[in-house]
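Trainee: Sharing a structure here in structure tokens format.
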Amino acid sequence: MQFHDKMYLIHEGALGDFLLAWPAIRSLALAGTGRELMWAGRAAYLPWVRPLGLEPCPPRLADLAGRLPGPWPGALPQGLVVRFGLKARPPEDRHGYWYLPGLAPHRSPREVYAEGLAARGVPFAEDWRAAFQGMFGRAAAKGRTVLLFPGAGHRLKHWPRVQYLELARRLASRGLDPRLVLGPAELERGFDPGGLPVLAPPDLPALQEALRGARLAVGNDCGPLHLAGLLGLPGVVLFGPTSARQWAPAGLTVLRGRAGCRPCTLDTADLACDMAVPTPPCLEAITLDEVEAAVDRLLAATA
């Protein structure tokens, strides 16, 4: 790795994508120890990069860094810009600029990023999960609270709402405390919780705090389940159109829908399903009894 006095790191993707990139971001921060490290990505992710030694990049400089590749902007102090992403961009390195693509069929972006760093002489820190918990805490995995995540970034990744509501009722009948966790998208769409308890964390630190205090989590292929896995919270994640080999959160139990056409997308950008009415058959195939049985096994393991 060619060292620079400054390093600008950029990740502008969704929460799950960012958390899959976090181990590589930490590896770069470790390689850049003693240098000025600046975060030019989403401000919402600062709580997870500041403990690595990154400070927020001034907006004007972040805008200039985000315009690369191309001629180095004269107003941007010289350094190395590293950009993570899933979209197609010029993959070749240029002076002061690396683009790290994380997309490969049936491979976790975390592994793809690690290979990209190794090719550039940056050691990948394999202790990423222990390091995350050392910085941000480990989930208690005790008590009665079961967090249910009925949303996801794409509607075709949603297990049916009625199934979540019935699962919550079954869990409540056994003395547990299920909570439907609704994010901004679910609130904007007017998700109907059917009179069941709701948790709507106002920000990502509040979401993290809720996960740390829970017994376990159940949800779709979504960002909060990646955070649950990093925190060591047991959970069940439901996969339909997307590849669990590619996108599964660390440490969680995976249930896959039984359908010969799945997985049918690499990154949901092209996700469509002519058979969804409105749920794809691959997700419809995951039964309530299957999910409850998986939850029961985790409850027994954390008793």
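Residue numbering restarts at 1 for every chain of the structure tokens, chains are lettered A, B, ... in their displayed order, and ligands are numbered from 1 as they appear.
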Using DSSP on the backbone coordinates, identify all residues within region 33-165 of chain A classified as helix (DSSP H, G or I); present the result as a VMD selection string.
Mentor: chain A and resid 43 to 52 59 to 66 109 to 119 128 to 136 155 to 157 161 to 165
Trainee: Using only C-alpha atoms, which protein or nucleic acid residues come within 9 Å of Cys57 (chain A)? Drop anything in the same chain fewer than 4 positions from it, and give the result as a PyMOL selection string.
Mentor: chain A and resi 8+37-41+61-62
Trainee: For the atom pair CA of Thr253 (chain A) and CA of Ala44 (chain A), what is the interatomic distance in Å to one decimal place?
Mentor: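 Taking CA of Thr253 (chain A) and CA of Ala44 (chain A), their separation equals 27.5 Å.
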Trainee: Can you tell me which residues surround Leu9 (chain A) at a distance of at most 12 Å, considering only C-alpha atoms, apart from same-chain residues fewer than 4 positions away, and format the answer as a PDB file with N, CA and C atoms, in the first residue's frame?
Mentor:
```
ATOM      1  N   PHE A  18     -23.186  -1.153   4.174  1.00  0.00           N
ATOM      2  CA  PHE A  18     -22.141  -0.492   4.964  1.00  0.00           C
ATOM      3  C   PHE A  18     -21.569  -1.435   6.018  1.00  0.00           C
ATOM      4  N   ALA A  21     -19.187  -3.736   4.736  1.00  0.00           N
ATOM      5  CA  ALA A  21     -17.921  -3.072   4.400  1.00  0.00           C
ATOM      6  C   ALA A  21     -17.131  -2.670   5.645  1.00  0.00           C
ATOM      7  N   TRP A  22     -17.782  -2.638   6.819  1.00  0.00           N
ATOM      8  CA  TRP A  22     -17.118  -2.137   8.027  1.00  0.00           C
ATOM      9  C   TRP A  22     -15.796  -2.849   8.318  1.00  0.00           C
ATOM     10  N   ALA A  24     -13.621  -4.012   6.288  1.00  0.00           N
ATOM     11  CA  ALA A  24     -12.607  -3.468   5.378  1.00  0.00           C
ATOM     12  C   ALA A  24     -12.270  -2.025   5.743  1.00  0.00           C
ATOM     13  N   ILE A  25     -13.275  -1.260   6.161  1.00  0.00           N
ATOM     14  CA  ILE A  25     -13.025   0.116   6.601  1.00  0.00           C
ATOM     15  C   ILE A  25     -12.092   0.108   7.804  1.00  0.00           C
ATOM     16  N   ARG A  26     -12.341  -0.803   8.732  1.00  0.00           N
ATOM     17  CA  ARG A  26     -11.457  -0.911   9.905  1.00  0.00           C
ATOM     18  C   ARG A  26     -10.047  -1.308   9.479  1.00  0.00           C
ATOM     19  N   SER A  27      -9.936  -2.221   8.521  1.00  0.00           N
ATOM     20  CA  SER A  27      -8.612  -2.643   8.055  1.00  0.00           C
ATOM     21  C   SER A  27      -7.839  -1.475   7.460  1.00  0.00           C
ATOM     22  N   LEU A  28      -8.531  -0.641   6.688  1.00  0.00           N
ATOM     23  CA  LEU A  28      -7.882   0.552   6.137  1.00  0.00           C
ATOM     24  C   LEU A  28      -7.479   1.523   7.241  1.00  0.00           C
ATOM     25  N   ALA A  29      -8.334   1.674   8.249  1.00  0.00           N
ATOM     26  CA  ALA A  29      -8.009   2.577   9.351  1.00  0.00           C
ATOM     27  C   ALA A  29      -6.779   2.089  10.106  1.00  0.00           C
ATOM     28  N   GLY A  32      -3.782   2.830   8.146  1.00  0.00           N
ATOM     29  CA  GLY A  32      -3.495   4.266   8.098  1.00  0.00           C
ATOM     30  C   GLY A  32      -3.255   4.891   9.455  1.00  0.00           C
ATOM     31  N   GLU A  36      -4.087  11.189   8.870  1.00  0.00           N
ATOM     32  CA  GLU A  36      -5.394  11.826   8.999  1.00  0.00           C
ATOM     33  C   GLU A  36      -6.415  11.024   8.202  1.00  0.00           C
ATOM     34  N   LEU A  37      -7.409  10.504   8.914  1.00  0.00           N
ATOM     35  CA  LEU A  37      -8.443   9.681   8.301  1.00  0.00           C
ATOM     36  C   LEU A  37      -9.752  10.449   8.317  1.00  0.00           C
ATOM     37  N   MET A  38     -10.379  10.571   7.158  1.00  0.00           N
ATOM     38  CA  MET A  38     -11.581  11.382   7.042  1.00  0.00           C
ATOM     39  C   MET A  38     -12.712  10.554   6.449  1.00  0.00           C
ATOM     40  N   TRP A  39     -13.899  10.707   7.029  1.00  0.00           N
ATOM     41  CA  TRP A  39     -15.084  10.002   6.562  1.00  0.00           C
ATOM     42  C   TRP A  39     -15.882  10.934   5.656  1.00  0.00           C
ATOM     43  N   ALA A  40     -15.948  10.574   4.369  1.00  0.00           N
ATOM     44  CA  ALA A  40     -16.664  11.383   3.399  1.00  0.00           C
ATOM     45  C   ALA A  40     -17.934  10.679   2.929  1.00  0.00           C
ATOM     46  N   GLY A  41     -18.370   9.667   3.685  1.00  0.00           N
ATOM     47  CA  GLY A  41     -19.579   8.933   3.344  1.00  0.00           C
ATOM     48  C   GLY A  41     -20.784   9.455   4.112  1.00  0.00           C
ATOM     49  N   ARG A  42     -21.795   8.604   4.270  1.00  0.00           N
ATOM     50  CA  ARG A  42     -23.025   9.012   4.935  1.00  0.00           C
ATOM     51  C   ARG A  42     -22.767   9.393   6.388  1.00  0.00           C
ATOM     52  N   ALA A  43     -23.300  10.546   6.778  1.00  0.00           N
ATOM     53  CA  ALA A  43     -23.112  11.020   8.149  1.00  0.00           C
ATOM     54  C   ALA A  43     -23.743  10.070   9.161  1.00  0.00           C
ATOM     55  N   TYR A  45     -23.483   7.055   9.454  1.00  0.00           N
ATOM     56  CA  TYR A  45     -22.595   5.958   9.838  1.00  0.00           C
ATOM     57  C   TYR A  45     -21.419   6.412  10.698  1.00  0.00           C
ATOM     58  N   LEU A  46     -21.357   7.687  11.001  1.00  0.00           N
ATOM     59  CA  LEU A  46     -20.248   8.198  11.818  1.00  0.00           C
ATOM     60  C   LEU A  46     -20.093   7.489  13.161  1.00  0.00           C
ATOM     61  N   VAL A  49     -17.693   4.668  12.586  1.00  0.00           N
ATOM     62  CA  VAL A  49     -16.361   4.878  12.019  1.00  0.00           C
ATOM     63  C   VAL A  49     -15.513   5.807  12.891  1.00  0.00           C
ATOM     64  N   ARG A  50     -16.137   6.637  13.696  1.00  0.00           N
ATOM     65  CA  ARG A  50     -15.355   7.528  14.562  1.00  0.00           C
ATOM     66  C   ARG A  50     -14.460   6.759  15.531  1.00  0.00           C
ATOM     67  N   LEU A  52     -12.911   4.234  14.987  1.00  0.00           N
ATOM     68  CA  LEU A  52     -11.784   3.727  14.210  1.00  0.00           C
ATOM     69  C   LEU A  52     -10.740   4.802  13.950  1.00  0.00           C
ATOM     70  N   GLY A  53     -11.023   6.029  14.378  1.00  0.00           N
ATOM     71  CA  GLY A  53     -10.088   7.126  14.162  1.00  0.00           C
ATOM     72  C   GLY A  53     -10.450   8.033  13.017  1.00  0.00           C
ATOM     73  N   LEU A  54     -11.628   7.821  12.400  1.00  0.00           N
ATOM     74  CA  LEU A  54     -12.052   8.685  11.301  1.00  0.00           C
ATOM     75  C   LEU A  54     -12.856   9.864  11.839  1.00  0.00           C
ATOM     76  N   GLU A  55     -12.610  11.007  11.266  1.00  0.00           N
ATOM     77  CA  GLU A  55     -13.364  12.207  11.609  1.00  0.00           C
ATOM     78  C   GLU A  55     -14.170  12.647  10.388  1.00  0.00           C
ATOM     79  N   PRO A  56     -15.292  13.335  10.604  1.00  0.00           N
ATOM     80  CA  PRO A  56     -16.106  13.753   9.459  1.00  0.00           C
ATOM     81  C   PRO A  56     -15.351  14.712   8.549  1.00  0.00           C
ATOM     82  N   CYS A  57     -15.433  14.446   7.273  1.00  0.00           N
ATOM     83  CA  CYS A  57     -14.807  15.306   6.279  1.00  0.00           C
ATOM     84  C   CYS A  57     -15.667  16.547   6.082  1.00  0.00           C
ATOM     85  N   LEU A  61     -15.095  19.367   1.020  1.00  0.00           N
ATOM     86  CA  LEU A  61     -14.071  18.406   0.631  1.00  0.00           C
ATOM     87  C   LEU A  61     -14.697  17.047   0.314  1.00  0.00           C
ATOM     88  N   ALA A  62     -15.735  16.671   1.055  1.00  0.00           N
ATOM     89  CA  ALA A  62     -16.421  15.409   0.776  1.00  0.00           C
ATOM     90  C   ALA A  62     -17.034  15.434  -0.612  1.00  0.00           C
ATOM     91  N   ALA A  65     -14.167  14.971  -3.100  1.00  0.00           N
ATOM     92  CA  ALA A  65     -13.692  13.587  -3.106  1.00  0.00           C
ATOM     93  C   ALA A  65     -14.683  12.681  -3.832  1.00  0.00           C
ATOM     94  N   GLY A  66     -15.975  12.972  -3.669  1.00  0.00           N
ATOM     95  CA  GLY A  66     -17.002  12.163  -4.301  1.00  0.00           C
ATOM     96  C   GLY A  66     -17.056  12.310  -5.811  1.00  0.00           C
ATOM     97  N   GLY A  79      -4.173  13.196  -1.074  1.00  0.00           N
ATOM     98  CA  GLY A  79      -4.318  12.030  -0.218  1.00  0.00           C
ATOM     99  C   GLY A  79      -4.804  10.854  -1.041  1.00  0.00           C
ATOM    100  N   LEU A  80      -5.428   9.893  -0.377  1.00  0.00           N
ATOM    101  CA  LEU A  80      -5.976   8.713  -1.029  1.00  0.00           C
ATOM    102  C   LEU A  80      -7.478   8.669  -0.782  1.00  0.00           C
ATOM    103  N   VAL A  81      -8.264   8.621  -1.837  1.00  0.00           N
ATOM    104  CA  VAL A  81      -9.716   8.455  -1.747  1.00  0.00           C
ATOM    105  C   VAL A  81     -10.037   6.988  -1.994  1.00  0.00           C
ATOM    106  N   VAL A  82     -10.732   6.361  -1.037  1.00  0.00           N
ATOM    107  CA  VAL A  82     -11.147   4.969  -1.188  1.00  0.00           C
ATOM    108  C   VAL A  82     -12.667   4.949  -1.173  1.00  0.00           C
ATOM    109  N   ARG A  83     -13.238   4.447  -2.247  1.00  0.00           N
ATOM    110  CA  ARG A  83     -14.698   4.426  -2.356  1.00  0.00           C
ATOM    111  C   ARG A  83     -15.182   2.977  -2.444  1.00  0.00           C
ATOM    112  N   PHE A  84     -16.152   2.648  -1.571  1.00  0.00           N
ATOM    113  CA  PHE A  84     -16.798   1.341  -1.592  1.00  0.00           C
ATOM    114  C   PHE A  84     -18.096   1.462  -2.375  1.00  0.00           C
ATOM    115  N   GLY A  85     -18.482   0.390  -3.048  1.00  0.00           N
ATOM    116  CA  GLY A  85     -19.746   0.457  -3.743  1.00  0.00           C
ATOM    117  C   GLY A  85     -20.135  -0.838  -4.409  1.00  0.00           C
ATOM    118  N   GLY A  96      -4.130   8.370  -6.385  1.00  0.00           N
ATOM    119  CA  GLY A  96      -4.884   8.896  -5.262  1.00  0.00           C
ATOM    120  C   GLY A  96      -6.319   8.403  -5.177  1.00  0.00           C
ATOM    121  N   TYR A  97      -6.701   7.385  -5.971  1.00  0.00           N
ATOM    122  CA  TYR A  97      -8.096   6.941  -5.965  1.00  0.00           C
ATOM    123  C   TYR A  97      -8.179   5.429  -6.109  1.00  0.00           C
ATOM    124  N   TRP A  98      -8.914   4.786  -5.185  1.00  0.00           N
ATOM    125  CA  TRP A  98      -9.237   3.369  -5.296  1.00  0.00           C
ATOM    126  C   TRP A  98     -10.746   3.225  -5.304  1.00  0.00           C
ATOM    127  N   TYR A  99     -11.239   2.365  -6.166  1.00  0.00           N
ATOM    128  CA  TYR A  99     -12.639   1.972  -6.094  1.00  0.00           C
ATOM    129  C   TYR A  99     -12.692   0.495  -5.718  1.00  0.00           C
ATOM    130  N   LEU A 100     -13.390   0.176  -4.632  1.00  0.00           N
ATOM    131  CA  LEU A 100     -13.501  -1.193  -4.158  1.00  0.00           C
ATOM    132  C   LEU A 100     -14.919  -1.703  -4.397  1.00  0.00           C
TER     133      LEU A 100
END
```
Trainee: Run DSSP on the backbone of this structure and report the residues of region 6-220 of chain A it assigns to strand (DSSP E or B), as a ChimeraX atom specification.
Mentor: /A:6-10,36-39,54-56,80-85,94,97-101,145-149,177-181,198-199,216-220
Trainee: Take the residues from that selection and write them out as a CSV table (one decimal), in the first residue's frame, keeping C-alpha atoms.
Mentor:
```csv
chain,number,residue,atom,x,y,z
A,6,LYS,CA,-4.6,11.8,4.3
A,7,MET,CA,-7.2,9.2,3.6
A,8,TYR,CA,-10.8,9.9,2.5
A,9,LEU,CA,-13.2,6.9,2.9
A,10,ILE,CA,-16.6,6.9,1.2
A,36,GLU,CA,-5.4,11.8,9.0
A,37,LEU,CA,-8.4,9.7,8.3
A,38,MET,CA,-11.6,11.4,7.0
A,39,TRP,CA,-15.1,10.0,6.6
A,54,LEU,CA,-12.1,8.7,11.3
A,55,GLU,CA,-13.4,12.2,11.6
A,56,PRO,CA,-16.1,13.8,9.5
A,80,LEU,CA,-6.0,8.7,-1.0
A,81,VAL,CA,-9.7,8.5,-1.7
A,82,VAL,CA,-11.1,5.0,-1.2
A,83,ARG,CA,-14.7,4.4,-2.4
A,84,PHE,CA,-16.8,1.3,-1.6
A,85,GLY,CA,-19.7,0.5,-3.7
A,94,ARG,CA,-5.8,6.0,-10.5
A,97,TYR,CA,-8.1,6.9,-6.0
A,98,TRP,CA,-9.2,3.4,-5.3
A,99,TYR,CA,-12.6,2.0,-6.1
A,100,LEU,CA,-13.5,-1.2,-4.2
A,101,PRO,CA,-16.5,-3.0,-5.7
A,145,THR,CA,-37.9,-9.1,24.2
A,146,VAL,CA,-38.1,-10.5,20.6
A,147,LEU,CA,-37.6,-7.9,17.9
A,148,LEU,CA,-39.5,-8.5,14.6
A,149,PHE,CA,-38.4,-6.6,11.5
A,177,ASP,CA,-42.5,-9.6,24.6
A,178,PRO,CA,-42.5,-9.3,20.8
A,179,ARG,CA,-42.0,-5.8,19.3
A,180,LEU,CA,-42.5,-4.9,15.7
A,181,VAL,CA,-39.6,-2.6,14.8
A,198,VAL,CA,-44.3,-1.2,18.1
A,199,LEU,CA,-40.7,0.2,18.4
A,216,LEU,CA,-33.3,-12.4,19.7
A,217,ALA,CA,-34.5,-10.9,16.4
A,218,VAL,CA,-36.5,-12.1,13.4
A,219,GLY,CA,-36.7,-10.3,10.1
A,220,ASN,CA,-36.2,-10.1,6.4
```
Trainee: In Å, with one decimal, what is the gap from CA of Leu86 (chain A) to CA of Glu115 (chain A)?
Mentor: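 Computing it gives 14.9 Å between the two atoms.
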Trainee: Within 8 Å of Ala250 (chain A), counting only C-alpha atoms, which residues show up once you throw out same-chain ones fewer than 3 positions away? Write them as an MDAnalysis selection string, please.
Mentor: chainID A and resid 226 229:230
